Each structure stands twice: as structure tokens, then as C-alpha cells.
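> target29.cif is the file, holding mmCIF, C-alpha atoms:
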data_model
#
loop_
_atom_site.label_atom_id
_atom_site.label_comp_id
_atom_site.auth_asym_id
_atom_site.auth_seq_id
_atom_site.Cartn_x
_atom_site.Cartn_y
_atom_site.Cartn_z
CA MET K 35 -4.38 4.74 15.34
CA LEU K 36 -8.00 5.73 14.64
CA GLY K 37 -8.81 2.11 13.72
CA ILE K 38 -6.86 2.51 10.48
CA TYR K 39 -5.85 -1.13 10.12
CA ASP K 40 -9.41 -2.36 10.71
CA ALA K 41 -10.22 -1.05 7.22
CA VAL K 42 -7.84 -3.57 5.65
CA LEU K 43 -10.60 -6.16 6.02
CA ASP K 44 -13.57 -3.77 6.09
CA PRO K 45 -13.30 -0.87 3.58
CA ALA K 46 -16.66 0.50 4.76
CA LEU K 47 -14.72 1.91 7.72
CA TRP K 48 -12.63 4.28 5.60
CA PRO K 49 -15.03 7.28 5.58
CA ASP K 50 -15.21 7.32 9.38
CA ILE K 51 -11.42 6.94 9.69
CA LEU K 52 -10.87 9.82 7.28
CA ASP K 53 -13.45 11.91 9.15
CA ARG K 54 -11.56 11.43 12.40
CA LEU K 55 -8.22 12.20 10.80
CA ALA K 56 -9.63 15.38 9.25
CA HIS K 57 -11.03 16.35 12.67
CA GLU K 58 -7.55 15.94 14.21
CA VAL K 59 -6.28 18.88 12.12
CA GLY K 60 -9.51 20.87 11.75
CA ALA K 61 -9.89 20.02 8.06
CA LEU K 62 -13.13 19.84 6.09
CA GLY K 63 -12.43 16.39 4.70
CA ILE K 64 -10.08 13.99 2.94
CA ILE K 65 -10.18 12.26 -0.47
CA ILE K 66 -7.97 9.39 -1.64
CA PHE K 67 -7.45 9.25 -5.41
CA ASP K 68 -5.92 6.77 -7.83
CA MET K 69 -4.67 7.80 -11.24
CA THR K 70 -6.19 5.98 -14.20
CA ASP K 71 -3.91 3.54 -16.05
CA ASP K 72 -3.13 6.11 -18.73
CA ALA K 73 -2.29 8.74 -16.05
CA GLU K 74 -4.68 11.16 -17.74
CA ALA K 75 -7.39 11.32 -15.05
CA LEU K 76 -8.17 10.58 -11.42
CA SER K 77 -10.54 8.02 -9.93
CA VAL K 78 -11.91 8.22 -6.41
CA ARG K 79 -10.87 5.41 -4.07
CA THR K 80 -12.49 6.63 -0.85
CA PHE K 81 -13.40 9.89 0.90
CA SER K 82 -14.79 11.53 4.02
CA SER K 83 -18.47 11.03 4.77
CA ARG K 84 -19.32 14.73 4.25
CA TYR K 85 -18.64 14.40 0.52
CA GLU K 86 -20.72 12.74 -2.19
CA ARG K 87 -19.08 10.58 -4.84
CA GLY K 88 -21.22 12.10 -7.61
CA ALA K 89 -20.18 15.64 -6.70
CA ILE K 90 -16.49 14.68 -6.61
CA GLU K 91 -16.69 12.93 -9.97
CA ARG K 92 -18.53 15.87 -11.59
CA TYR K 93 -15.84 18.22 -10.28
CA LEU K 94 -13.08 15.98 -11.66
CA ALA K 95 -14.77 15.74 -15.06
CA LEU K 96 -14.93 19.53 -15.35
CA HIS K 97 -11.45 20.30 -14.02
CA VAL K 98 -9.38 17.25 -14.90
CA SER K 99 -6.60 19.22 -16.62
CA TYR K 100 -6.07 21.47 -13.59
CA GLU K 101 -6.24 18.55 -11.16
CA MET K 102 -3.73 16.47 -13.11
CA ALA K 103 -1.39 19.46 -13.32
CA ASP K 104 -1.73 19.96 -9.56
CA GLN K 105 -1.03 16.28 -8.92
CA ARG K 106 2.16 16.50 -10.97
CA ILE K 107 3.27 19.51 -8.93
CA PHE K 108 2.50 17.79 -5.61
CA ALA K 109 4.47 14.73 -6.77
CA ARG K 110 7.41 16.85 -7.89
CA HIS K 111 7.66 18.49 -4.46
CA SER K 112 7.27 15.21 -2.55
CA ALA K 113 10.32 13.59 -1.01
CA ALA K 114 11.92 10.79 -3.02
CA ALA K 115 12.82 8.95 0.19
CA ASP K 116 10.54 6.60 2.12
CA ARG K 117 9.02 9.27 4.35
CA ILE K 118 5.66 10.78 3.47
CA GLU K 119 5.71 14.54 2.98
CA VAL K 120 2.50 16.59 2.97
CA ILE K 121 2.70 19.46 0.46
CA GLY K 122 0.62 22.60 0.87
CA ASP K 123 -1.14 24.45 -1.96
CA GLU K 124 1.39 27.29 -1.88
CA VAL K 125 3.35 25.32 -4.49
CA LEU K 126 0.48 25.47 -6.99
CA ALA K 127 0.64 29.19 -7.82
CA PRO K 128 3.02 32.13 -7.22
CA THR K 129 0.50 34.02 -5.07
CA SER K 130 -2.64 33.20 -3.10
CA ALA K 131 -4.62 35.54 -5.38
CA GLN K 132 -3.52 33.62 -8.47
CA LEU K 133 -4.36 30.35 -6.76
CA ALA K 134 -7.85 31.59 -5.87
CA ALA K 135 -8.44 32.79 -9.44
CA ARG K 136 -8.00 29.35 -10.99
CA PRO K 137 -11.25 27.72 -12.21
CA ASN K 138 -10.82 24.61 -10.06
CA SER K 139 -10.14 26.74 -6.97
CA GLN K 140 -13.30 28.74 -7.65
CA ALA K 141 -15.29 25.52 -8.00
CA MET K 142 -13.97 24.22 -4.67
CA ALA K 143 -14.71 27.55 -3.00
CA GLN K 144 -18.41 26.93 -3.66
CA PHE K 145 -18.12 24.06 -1.18
CA GLY K 146 -16.23 26.14 1.37
CA ILE K 147 -12.82 24.78 0.40
CA LEU K 148 -10.20 27.52 0.31
CA HIS K 149 -6.99 25.54 0.85
CA ARG K 150 -5.79 21.97 0.38
CA ALA K 151 -2.68 19.83 0.61
CA GLY K 152 -1.55 16.58 -0.96
CA ALA K 153 0.79 13.65 -0.39
CA LEU K 154 1.96 10.49 -2.11
CA LEU K 155 1.12 7.47 0.04
CA SER K 156 2.89 5.05 -2.31
CA ARG K 157 6.37 5.70 -3.65
CA ASP K 158 6.44 2.23 -5.25
CA ASN K 159 3.43 3.10 -7.40
CA PRO K 160 2.93 6.89 -7.31
CA GLY K 161 -0.24 6.64 -9.38
CA ARG K 162 -2.06 5.09 -6.45
CA ASP K 163 -3.25 6.37 -3.09
CA ARG K 164 -2.93 10.11 -3.70
CA PHE K 165 -3.87 11.81 -0.44
CA SER K 166 -5.77 15.11 -0.60
CA ILE K 167 -6.97 17.09 2.43
CA GLN K 168 -9.17 20.19 2.24
CA PHE K 169 -9.31 23.21 4.56
CA SER K 170 -11.76 26.08 5.08
CA ARG K 171 -10.99 29.81 5.05
CA SER K 172 -11.17 29.92 8.85
CA HIS K 173 -8.53 27.20 9.14
CA GLY K 174 -6.21 28.68 6.55
CA PRO K 175 -3.47 26.86 4.64
CA LEU K 176 -1.60 23.78 5.85
CA GLY K 177 0.51 24.62 8.89
CA SER K 178 3.48 23.02 10.62
CA GLY K 179 1.22 21.65 13.35
CA ASP K 180 -1.01 20.04 10.73
CA ARG K 181 2.04 18.44 9.11
CA ALA K 182 3.20 17.05 12.44
CA VAL K 183 -0.16 15.46 13.23
CA LEU K 184 -0.63 14.04 9.74
CA GLY K 185 2.91 12.68 9.89
CA LEU K 186 1.86 10.45 12.78
CA TYR K 187 -1.00 8.84 10.87
CA LEU K 188 -0.17 8.82 7.16
CA PRO K 189 2.44 6.01 7.30
CA HIS K 190 -0.24 3.76 8.82
CA LEU K 191 -2.74 4.90 6.19
CA ALA K 192 -0.21 4.03 3.47
CA LYS K 193 0.41 0.55 4.87
CA ALA K 194 -3.30 -0.19 5.32
CA PHE K 195 -4.17 0.90 1.78
CA GLU K 196 -1.41 -1.25 0.30
CA LEU K 197 -2.28 -4.37 2.30
CA SER K 198 -5.98 -4.03 1.52
CA ARG K 199 -5.61 -4.13 -2.27
CA PRO K 200 -5.49 -7.92 -2.77
CA ILE K 201 -8.64 -8.36 -0.69
CA ASP K 202 -10.43 -5.36 -2.24
CA ARG K 203 -9.84 -6.79 -5.70
CA TRP K 204 -11.61 -10.07 -5.01
CA ARG K 205 -14.07 -9.10 -2.28
CA GLY K 206 -17.06 -9.29 -4.61
CA LEU K 207 -16.30 -12.79 -5.87
CA ALA K 208 -17.58 -14.62 -2.79
CA ALA K 209 -20.53 -14.26 -0.47
CA GLY K 210 -18.31 -13.55 2.54
CA LEU K 211 -14.75 -12.58 3.30
CA ALA K 212 -13.93 -15.96 4.87
CA ALA K 213 -14.87 -17.72 1.64
CA THR K 214 -12.92 -15.19 -0.41
CA LEU K 215 -9.69 -15.72 1.50
CA ASP K 216 -9.36 -19.37 0.46
CA ARG K 217 -9.38 -18.25 -3.17
CA LEU K 218 -6.40 -15.93 -2.72
CA SER K 219 -2.87 -16.93 -3.71
CA ILE K 220 -1.43 -15.02 -0.74
CA GLY K 221 -1.34 -16.62 2.69
CA ILE K 222 -3.48 -14.91 5.34
CA CYS K 223 -3.59 -15.71 9.05
CA LEU K 224 -5.53 -13.91 11.79
CA ILE K 225 -4.06 -13.96 15.29
CA ARG K 226 -4.83 -12.56 18.73
CA PRO K 227 -2.32 -10.37 20.62
CA ASP K 228 -0.87 -13.51 22.24
CA ARG K 229 -0.42 -14.86 18.68
CA ALA K 230 -3.11 -17.51 19.09
CA VAL K 231 -4.31 -18.41 15.57
CA ILE K 232 -7.97 -17.56 14.92
CA ALA K 233 -8.19 -18.32 11.19
CA GLN K 234 -5.95 -19.21 8.26
CA ASN K 235 -6.60 -19.56 4.57
CA ALA K 236 -5.55 -22.51 2.43
CA GLU K 237 -2.43 -20.81 1.05
CA PHE K 238 -1.16 -19.95 4.53
CA ARG K 239 -1.59 -23.57 5.63
CA ARG K 240 0.34 -24.72 2.56
CA GLN K 241 3.20 -22.35 3.33
CA VAL K 242 3.37 -23.56 6.94
CA ASP K 243 3.51 -27.17 5.75
CA GLU K 244 5.99 -26.71 2.90
CA LEU K 245 8.23 -23.68 3.45
CA GLY K 246 9.28 -23.80 7.08
CA VAL K 247 9.32 -20.02 7.61
CA MET K 248 6.16 -19.76 9.71
CA ALA K 249 4.79 -22.42 12.05
CA VAL K 250 1.80 -23.01 14.31
CA THR K 251 2.79 -24.48 17.68
CA ARG K 252 1.00 -27.35 19.39
CA ASP K 253 -0.91 -24.88 21.54
CA GLY K 254 -2.10 -23.07 18.39
CA ARG K 255 0.19 -20.02 18.38
CA LEU K 256 1.96 -18.50 15.41
CA GLU K 257 5.74 -18.39 15.43
CA VAL K 258 8.61 -17.71 13.03
CA ARG K 259 11.25 -20.42 12.94
CA HIS K 260 14.49 -18.40 12.79
CA PRO K 261 15.62 -16.01 15.59
CA GLU K 262 15.57 -12.83 13.49
CA GLY K 263 12.02 -13.58 12.46
CA ARG K 264 10.91 -14.24 16.03
CA ALA K 265 12.27 -10.85 17.12
CA TRP K 266 10.49 -9.21 14.17
CA LEU K 267 7.19 -10.90 15.07
CA GLU K 268 7.47 -9.91 18.74
CA ARG K 269 8.23 -6.30 17.81
CA LEU K 270 5.29 -5.86 15.43
CA THR K 271 2.79 -7.68 17.64
CA GLY K 272 3.94 -5.82 20.74
CA ASP K 273 2.77 -2.30 19.90
CA PRO K 274 0.68 -1.02 16.93
CA ALA K 275 2.74 2.20 16.98
CA ARG K 276 5.70 0.20 15.66
CA HIS K 277 3.99 -0.16 12.29
CA GLY K 278 4.30 2.35 9.46
CA GLN K 279 8.02 2.99 9.98
CA PHE K 280 8.77 3.05 6.25
CA GLY K 281 6.22 5.65 5.22
CA ALA K 282 5.34 5.47 1.54
CA ARG K 283 7.21 2.15 1.04
CA PRO K 284 5.49 -0.15 3.56
CA ARG K 285 6.86 -3.28 1.84
CA LYS K 286 10.19 -2.53 3.56
CA GLU K 287 8.55 -3.43 6.87
CA ALA K 288 8.17 -7.06 5.78
CA LEU K 289 10.17 -9.88 7.34
CA GLY K 290 13.61 -9.95 5.74
CA ALA K 291 12.81 -7.01 3.47
CA LEU K 292 16.17 -5.31 3.99
CA ARG K 293 18.28 -8.49 3.95
CA ARG K 294 20.31 -9.13 0.83
CA ASP K 295 19.53 -12.83 1.11
CA GLU K 296 18.00 -14.86 -1.70
CA ARG K 297 17.36 -17.98 0.40
CA VAL K 298 14.08 -16.72 1.86
CA SER K 299 11.40 -16.44 -0.82
CA VAL K 300 8.47 -15.38 1.39
CA SER K 301 7.43 -11.79 2.04
CA VAL K 302 5.66 -11.74 5.44
CA GLU K 303 3.79 -8.63 6.58
CA ILE K 304 1.62 -7.81 9.59
CA ALA K 305 -1.11 -5.25 10.25
CA PRO K 306 -2.95 -4.67 13.57
CA LEU K 307 -6.72 -5.12 13.73
CA GLY K 308 -9.44 -3.99 16.09
CA THR K 309 -12.52 -5.93 14.97
CA LEU K 310 -13.24 -9.05 13.00
CA GLU K 311 -16.96 -8.95 12.34
CA ALA K 312 -16.49 -10.47 8.87
CA PHE K 313 -15.68 -13.75 10.62
CA GLY K 314 -18.38 -13.46 13.27
CA GLY K 315 -15.79 -13.17 16.00
CA GLY K 316 -16.68 -9.80 17.51
CA ARG K 317 -13.68 -7.86 18.80
CA LEU K 318 -10.34 -9.38 17.91
CA ASP K 319 -7.77 -6.80 19.01
CA GLY K 320 -5.21 -8.82 17.12
CA TYR K 321 -3.30 -8.90 13.85
CA VAL K 322 -3.58 -10.09 10.25
CA VAL K 323 -0.49 -11.74 8.76
CA TYR K 324 0.09 -11.76 4.98
CA CYS K 325 2.55 -14.13 3.28
CA LEU K 326 3.49 -14.01 -0.42
CA ASP K 327 5.53 -16.98 -1.69
CA THR K 328 7.64 -15.59 -4.54
CA SER K 329 9.21 -18.97 -5.33
CA ARG K 330 5.93 -19.86 -7.07
CA PRO K 331 4.72 -18.18 -10.28
CA VAL K 332 3.07 -14.81 -9.63
CA GLU K 333 0.80 -13.45 -12.37
CA ILE K 334 1.73 -9.77 -12.60
CA ASP K 335 0.63 -7.07 -15.05
CA LEU K 336 4.05 -6.87 -16.68
CA GLU K 337 3.28 -3.93 -18.97
CA GLY K 338 1.75 -1.92 -16.13
CA VAL K 339 4.75 -2.71 -13.92
CA ARG K 340 7.15 -1.74 -16.72
CA ARG K 341 5.51 1.67 -17.08
CA ALA K 342 5.23 2.32 -13.35
CA MET K 343 8.83 1.35 -12.61
CA GLY K 344 10.35 2.84 -15.76
CA LEU K 345 11.88 -0.46 -16.90
CA THR K 346 13.40 -1.18 -20.28
CA ALA K 347 11.96 -4.02 -22.33
CA ALA K 348 14.91 -6.25 -21.34
CA GLU K 349 14.46 -5.43 -17.65
CA ALA K 350 10.73 -6.15 -17.86
CA ASP K 351 11.45 -9.48 -19.54
CA LEU K 352 13.86 -10.37 -16.72
CA LEU K 353 11.28 -9.38 -14.12
CA GLY K 354 8.74 -11.60 -15.87
CA LEU K 355 11.07 -14.59 -15.57
CA LEU K 356 11.67 -13.84 -11.89
CA ALA K 357 7.91 -13.62 -11.37
CA GLU K 358 7.61 -17.12 -12.85
CA GLY K 359 9.67 -18.32 -9.88
CA LEU K 360 12.79 -19.13 -11.94
CA THR K 361 16.20 -19.12 -10.26
CA ASN K 362 19.09 -17.14 -11.73
CA ARG K 363 20.57 -20.41 -13.02
CA GLU K 364 17.30 -21.33 -14.73
CA ILE K 365 17.08 -17.84 -16.26
CA ALA K 366 20.65 -18.20 -17.54
CA GLY K 367 19.64 -21.38 -19.36
CA HIS K 368 16.49 -19.72 -20.71
CA ARG K 369 18.44 -16.72 -22.03
CA ASP K 370 21.55 -18.67 -23.05
CA ARG K 371 23.71 -16.47 -20.82
CA SER K 372 26.19 -17.23 -18.06
CA VAL K 373 24.96 -17.33 -14.48
CA GLU K 374 27.37 -14.48 -13.67
CA THR K 375 25.75 -12.31 -16.35
CA ILE K 376 22.26 -12.99 -14.98
CA ASN K 377 23.46 -12.31 -11.43
CA THR K 378 24.72 -8.91 -12.57
CA GLN K 379 21.49 -8.12 -14.42
CA VAL K 380 19.37 -9.07 -11.39
CA LYS K 381 21.50 -6.92 -9.07
CA SER K 382 21.10 -3.98 -11.46
CA LEU K 383 17.32 -4.48 -11.55
CA LEU K 384 17.16 -4.65 -7.74
CA ALA K 385 19.10 -1.39 -7.46
CA LYS K 386 16.83 0.36 -9.96
CA ALA K 387 13.73 -0.85 -8.10
CA ASP K 388 15.17 0.11 -4.67
CA CYS K 389 14.74 -3.47 -3.43
CA ALA K 390 17.21 -5.38 -1.26
CA ASN K 391 16.32 -8.81 -2.65
CA ARG K 392 14.25 -10.49 -5.35
CA THR K 393 11.46 -11.36 -2.92
CA GLN K 394 10.89 -7.66 -2.31
CA LEU K 395 11.16 -6.95 -6.04
CA ILE K 396 8.27 -9.34 -6.72
CA ARG K 397 6.41 -7.91 -3.72
CA ARG K 398 6.77 -4.43 -5.18
CA ALA K 399 5.58 -5.61 -8.60
CA THR K 400 2.45 -7.13 -7.04
CA THR K 401 1.48 -3.76 -5.54
CA ILE K 402 1.35 -2.34 -9.06
CA GLY K 403 -0.60 -5.07 -10.79
CA CYS K 404 -1.18 -8.70 -9.89
CA ARG K 405 -3.85 -11.39 -10.16
CA PHE K 406 -4.11 -12.75 -6.61
CA LEU K 407 -6.94 -15.20 -7.29
CA ALA K 408 -5.71 -18.78 -6.98
#
As C-alpha cells, how would this structure be written, given the file I've shared?

Amino acid sequence: MLGIYDAVLDPALWPDILDRLAHEVGALGIIIFDMTDDAEALSVRTFSSRYERGAIERYLALHVSYEMADQRIFARHSAAADRIEVIGDEVLAPTSAQLAARPNSQAMAQFGILHRAGALLSRDNPGRDRFSIQFSRSHGPLGSGDRAVLGLYLPHLAKAFELSRPIDRWRGLAAGLAATLDRLSIGICLIRPDRAVIAQNAEFRRQVDELGVMAVTRDGRLEVRHPEGRAWLERLTGDPARHGQFGARPRKEALGALRRDERVSVSVEIAPLGTLEAFGGGRLDGYVVYCLDTSRPVEIDLEGVRRAMGLTAAEADLLGLLAEGLTNREIAGHRDRSVETINTQVKSLLAKADCANRTQLIRRATTIGCRFLA
């Protein structure tokens, strides 16, 4: 998988990963953008090593209106389902001549870029992880073969970018990654292919002790207590190719994500790793396990989530109460409503958010805006 999941813990690997992915389809390079909070501009998250950040940012400053218009077109043509669809630049103008005549196209041509394509790597928060790939004249526009190859890798890219955000946000607050992990309010556990535990942070140890979903055996191996969870763990630790099955909505790959069951409050996710130099362990060839306990208060950016998910004020208020870890019965008392009314409102909110249960609803909200520092 081109070492994609290694970058979850080491973002310095992204340029090389993007270089290799671009090479797979004969592209010049790749850039990953985020939209600014006001959705009026683009910021650069990471990019291929052949590019310079200053040059990209100068280009964006000069051609922001064209780029934002192009991003809206790419998004409009992208599939609404989970799968990731790469859209070629033929959708940007009626003819290739008109496309080439646009000021931003002329600016890119100075760098040898004649064609490009885009994709949404996050359907839960479309303002993040905008994928852009650039092609030369000799390559020509995006072809069916390019789409097929990119389709193999982009779901893994999407999952890795989403899982890396909590760590990226707090990486600079501690001298090393190991110290940073104990300050996170999400549980993190590093395991070898045989599920032997290499490291755990404080929150993961708390969840093992208190929640009874995950456990560490006497011989130091990670296990899930219920049968469905054990099968899930065996499947995702058996072959890295089994990851990325839900494309632009990687949260659906979590343990219990598709179960309409409110009894389990923990979202458990896994990503494969190749190296673990941040912990001084050399090659790991293992996995990182993430656990978010949604029964405890989660500090989300409620206004940002409301905008991103298109919620009404009442729906956002309900989500805020759920994020505080309140049960439906407790919310009913808080709102002076019947439990049946709150049950109906929660089901409506889950349907609108495309989430099977409240754990996944909170998980989705945290991908949009959350303070993960304990």
C-alpha cells in the first residue's frame, strides 16, 4: 500500500507516498488541500516533493476564485455514496481549448501541468482532504486506467488522513510522539501482527480496565471480548488490503459501525503500520488501534459541525447533548420531553448524518472539529 498507513504517525512520509502514487499513473504530482473554515479559500495540507509550498500558495492567492469554482464542480460530480470517484478536468469547461484559455490553466501550464483531476477523500467533511493530481501534456487527461489504479489506493489514503488528524493536531505539544499520546483523550494501542501489545496510552488502559470491550491477555496480546469483535479484529489484522473498504467514509470500518446497537459506546478503528521509529522500535510491521469512548463528554466544535453537516439549530443542540455523553432518558429530562420524543429525534438525526448509531454520529462529529487533548 505504498506505506500509506505509516504516515498516520509520521506525516513527514506523505511527500514520498504521494510521489510513488503519482509515479504509478505517470502523473507530475499530487496535492492535498483543505478548505478554510469559511469555505472561501484553500490551504495546503501536503504535496509531492517536486512542488514547493511557497509556489503553491502564491498560485492559490492569485487564482483563488477559479480554484474554488473548480472545487465546487469536482464536488458536484463526485459520487454521493461511500466510494471515492476521481473526476477529470473535462467537467471544468465545455472544450479543451476553453479550459486551456482560463487564467489558472495558463498559470499551471508554466509548470508543465496541462491536465488534472480531483476527488473528495472525505464525504463526512467534504471541506477536508481534497485530492488533486496533475498531468503533463505527454500523459494527457485522466484515463480509465488511471482511475482504476487510483481507485486501489485512494480509500487507504482517505482512511490514513482521517486517522492522523487527532495526532497531527497535538504533535507539537510534546517533545516526542510517545509523550503526546498520553495527553490524548482517544485510546491508542500499538500491536504486532500477532497482536502482541507494544505500547498503549493512558486512555486505552482506562478503557480496557473500565469498559470491557477490549482486553489484553495474560500473554500480552490484544483481543476483543465479544465474538463479532474478535472476527473483526482477525479480519483487519490479517491483511492490510482489507482496509479502506468504505472509501470516503472510513468511520464505517470501525467495530460495530453498522450495528444499530446503542449498548456499545466505543468506536474502535485499526490502521496497518510499517515502521515505528517514533517509539525507537525500528520496524514494527503491525497495527495502530484507536478507541473513542463516546459515553464520556467529547468537546466538539458544535458550530463547525452544524455547518458541515447542515444541521438545524435544534439538531445541533441535540448533538451537543449527545456529545456530553447523556443518554436519551437524561436528554428527555433536560429538554422536558418524553423519552419517546427524544428517541424519535435521535433516530432522525442519525438518518440525516448517515450513521447507524450514536457512537458513529459522535465519531463523525469528531472528524469535523474536536479537542482531543485530555
> Evaluate the PyMOL selection byres ((chain K and resi 355) around 12) against this structure - the residues, as an NGL selection string, please.
:K and (328-334 or 336 or 348-354 or 356-369 or 376 or 380 or 392 or 396)
> With the file shown as input, list the residues that the PyMOL selection byres ((chain K and resi 62-79) around 6) selects, as a list in words.
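With the PyMOL selection byres ((chain K and resi 62-79) around 6) on this model, the match is Ala56, Ala61, Thr80, Phe81, Ser82, Gly161, Arg162, Asp163, Arg164, Phe165, Ser166, Ile167, Gln168 and Phe169 of chain K.
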> I need the output of the PyMOL selection byres ((chain K and resi 186-202) around 8) for this file as a PDB file with C-alpha atoms, in the coordinates of the input; which residues are they?

ATOM      1  CA  MET K  35      -4.380   4.740  15.340  1.00  0.00           C
ATOM      2  CA  ILE K  38      -6.860   2.510  10.480  1.00  0.00           C
ATOM      3  CA  TYR K  39      -5.850  -1.130  10.120  1.00  0.00           C
ATOM      4  CA  ALA K  41     -10.220  -1.050   7.220  1.00  0.00           C
ATOM      5  CA  VAL K  42      -7.840  -3.570   5.650  1.00  0.00           C
ATOM      6  CA  LEU K  43     -10.600  -6.160   6.020  1.00  0.00           C
ATOM      7  CA  PRO K  45     -13.300  -0.870   3.580  1.00  0.00           C
ATOM      8  CA  LEU K  55      -8.220  12.200  10.800  1.00  0.00           C
ATOM      9  CA  ARG K 117       9.020   9.270   4.350  1.00  0.00           C
ATOM     10  CA  ILE K 118       5.660  10.780   3.470  1.00  0.00           C
ATOM     11  CA  LEU K 155       1.120   7.470   0.040  1.00  0.00           C
ATOM     12  CA  SER K 156       2.890   5.050  -2.310  1.00  0.00           C
ATOM     13  CA  ASP K 163      -3.250   6.370  -3.090  1.00  0.00           C
ATOM     14  CA  ALA K 182       3.200  17.050  12.440  1.00  0.00           C
ATOM     15  CA  VAL K 183      -0.160  15.460  13.230  1.00  0.00           C
ATOM     16  CA  LEU K 184      -0.630  14.040   9.740  1.00  0.00           C
ATOM     17  CA  GLY K 185       2.910  12.680   9.890  1.00  0.00           C
ATOM     18  CA  ARG K 203      -9.840  -6.790  -5.700  1.00  0.00           C
ATOM     19  CA  TRP K 204     -11.610 -10.070  -5.010  1.00  0.00           C
ATOM     20  CA  ARG K 205     -14.070  -9.100  -2.280  1.00  0.00           C
ATOM     21  CA  LEU K 215      -9.690 -15.720   1.500  1.00  0.00           C
ATOM     22  CA  HIS K 277       3.990  -0.160  12.290  1.00  0.00           C
ATOM     23  CA  GLY K 278       4.300   2.350   9.460  1.00  0.00           C
ATOM     24  CA  GLN K 279       8.020   2.990   9.980  1.00  0.00           C
ATOM     25  CA  PHE K 280       8.770   3.050   6.250  1.00  0.00           C
ATOM     26  CA  GLY K 281       6.220   5.650   5.220  1.00  0.00           C
ATOM     27  CA  ALA K 282       5.340   5.470   1.540  1.00  0.00           C
ATOM     28  CA  ARG K 283       7.210   2.150   1.040  1.00  0.00           C
ATOM     29  CA  PRO K 284       5.490  -0.150   3.560  1.00  0.00           C
ATOM     30  CA  ALA K 305      -1.110  -5.250  10.250  1.00  0.00           C
ATOM     31  CA  THR K 401       1.480  -3.760  -5.540  1.00  0.00           C
ATOM     32  CA  PHE K 406      -4.110 -12.750  -6.610  1.00  0.00           C
TER      33      PHE K 406
END
> Could you list, as JSON, numbers by chain, every residue within 7 Å of Thr393 in chain K, counting only C-alpha atoms and ignoring same-chain residues fewer than 5 positions away?
{"K": [299, 300, 301, 328]}
> Rounded to one decimal in Å, what is the spacing between CA of Ala46 in chain K and CA of Ala233 in chain K?
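CA of Ala46 in chain K sits 21.6 Å away from CA of Ala233 in chain K.
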> Fewer than 6 positions away in the same chain doesn't count, so skip those; otherwise give me all residues within 9 Å of Ala236 in chain K, counting only C-alpha atoms, as a list of chain:residue names.
K:Leu215, K:Asp216, K:Arg217, K:Leu218, K:Ser219, K:Gly221, K:Ile222
> Suppose you want the space between CA of Cys404 in chain K and CA of Pro274 in chain K; what is it in Å?
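For CA of Cys404 in chain K relative to CA of Pro274 in chain K, the distance reads 28.0 Å.
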> My list of candidates is K:Arg269, K:Arg171, K:Glu374, K:Gln144. Which is closest to Tyr93 in chain K when distances are computed with all atoms listed in the file?
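For Tyr93 in chain K, the nearest of the candidates is K:Gln144.
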> Can you work out which one of K:Val373, K:Val59, K:Val231, K:Val302 has the shortest atom-to-atom distance to Thr251 in chain K, counting all atoms listed in the file?
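The shortest atom-to-atom distance to Thr251 in chain K comes from K:Val231.
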> Fewer than 4 positions away in the same chain doesn't count, so skip those; otherwise give me all residues within 9 Å of range 131-138 of chain K, counting only C-alpha atoms, as a list in words.
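Contacts, in chain order: Tyr93, Leu96, His97, Val98, Tyr100, Glu101, Asp123, Glu124, Leu126, Ala127, Met142, Ala143 and Leu148 of chain K.
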> Would you kindly return, as JSON, numbers by chain, each protein, DNA or RNA residue with an atom no farther than 7 Å from any atom of range 252-263 of chain K, considering all atoms listed in the file and excluding same-chain residues fewer than 6 positions away?
{"K": [229, 230, 231, 289]}
> Any idea what the distance is between CA of Gly174 in chain K and CA of His149 in chain K?
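If I compute the distance from CA of Gly174 in chain K to CA of His149 in chain K, I get 6.6 Å.
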> Smallest atom-to-atom distance to Asp228 in chain K: which of K:Gly246, K:Gly320, K:Pro306, K:Gly146, using all atoms listed in the file?
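For Asp228 in chain K, the nearest of the candidates is K:Gly320.
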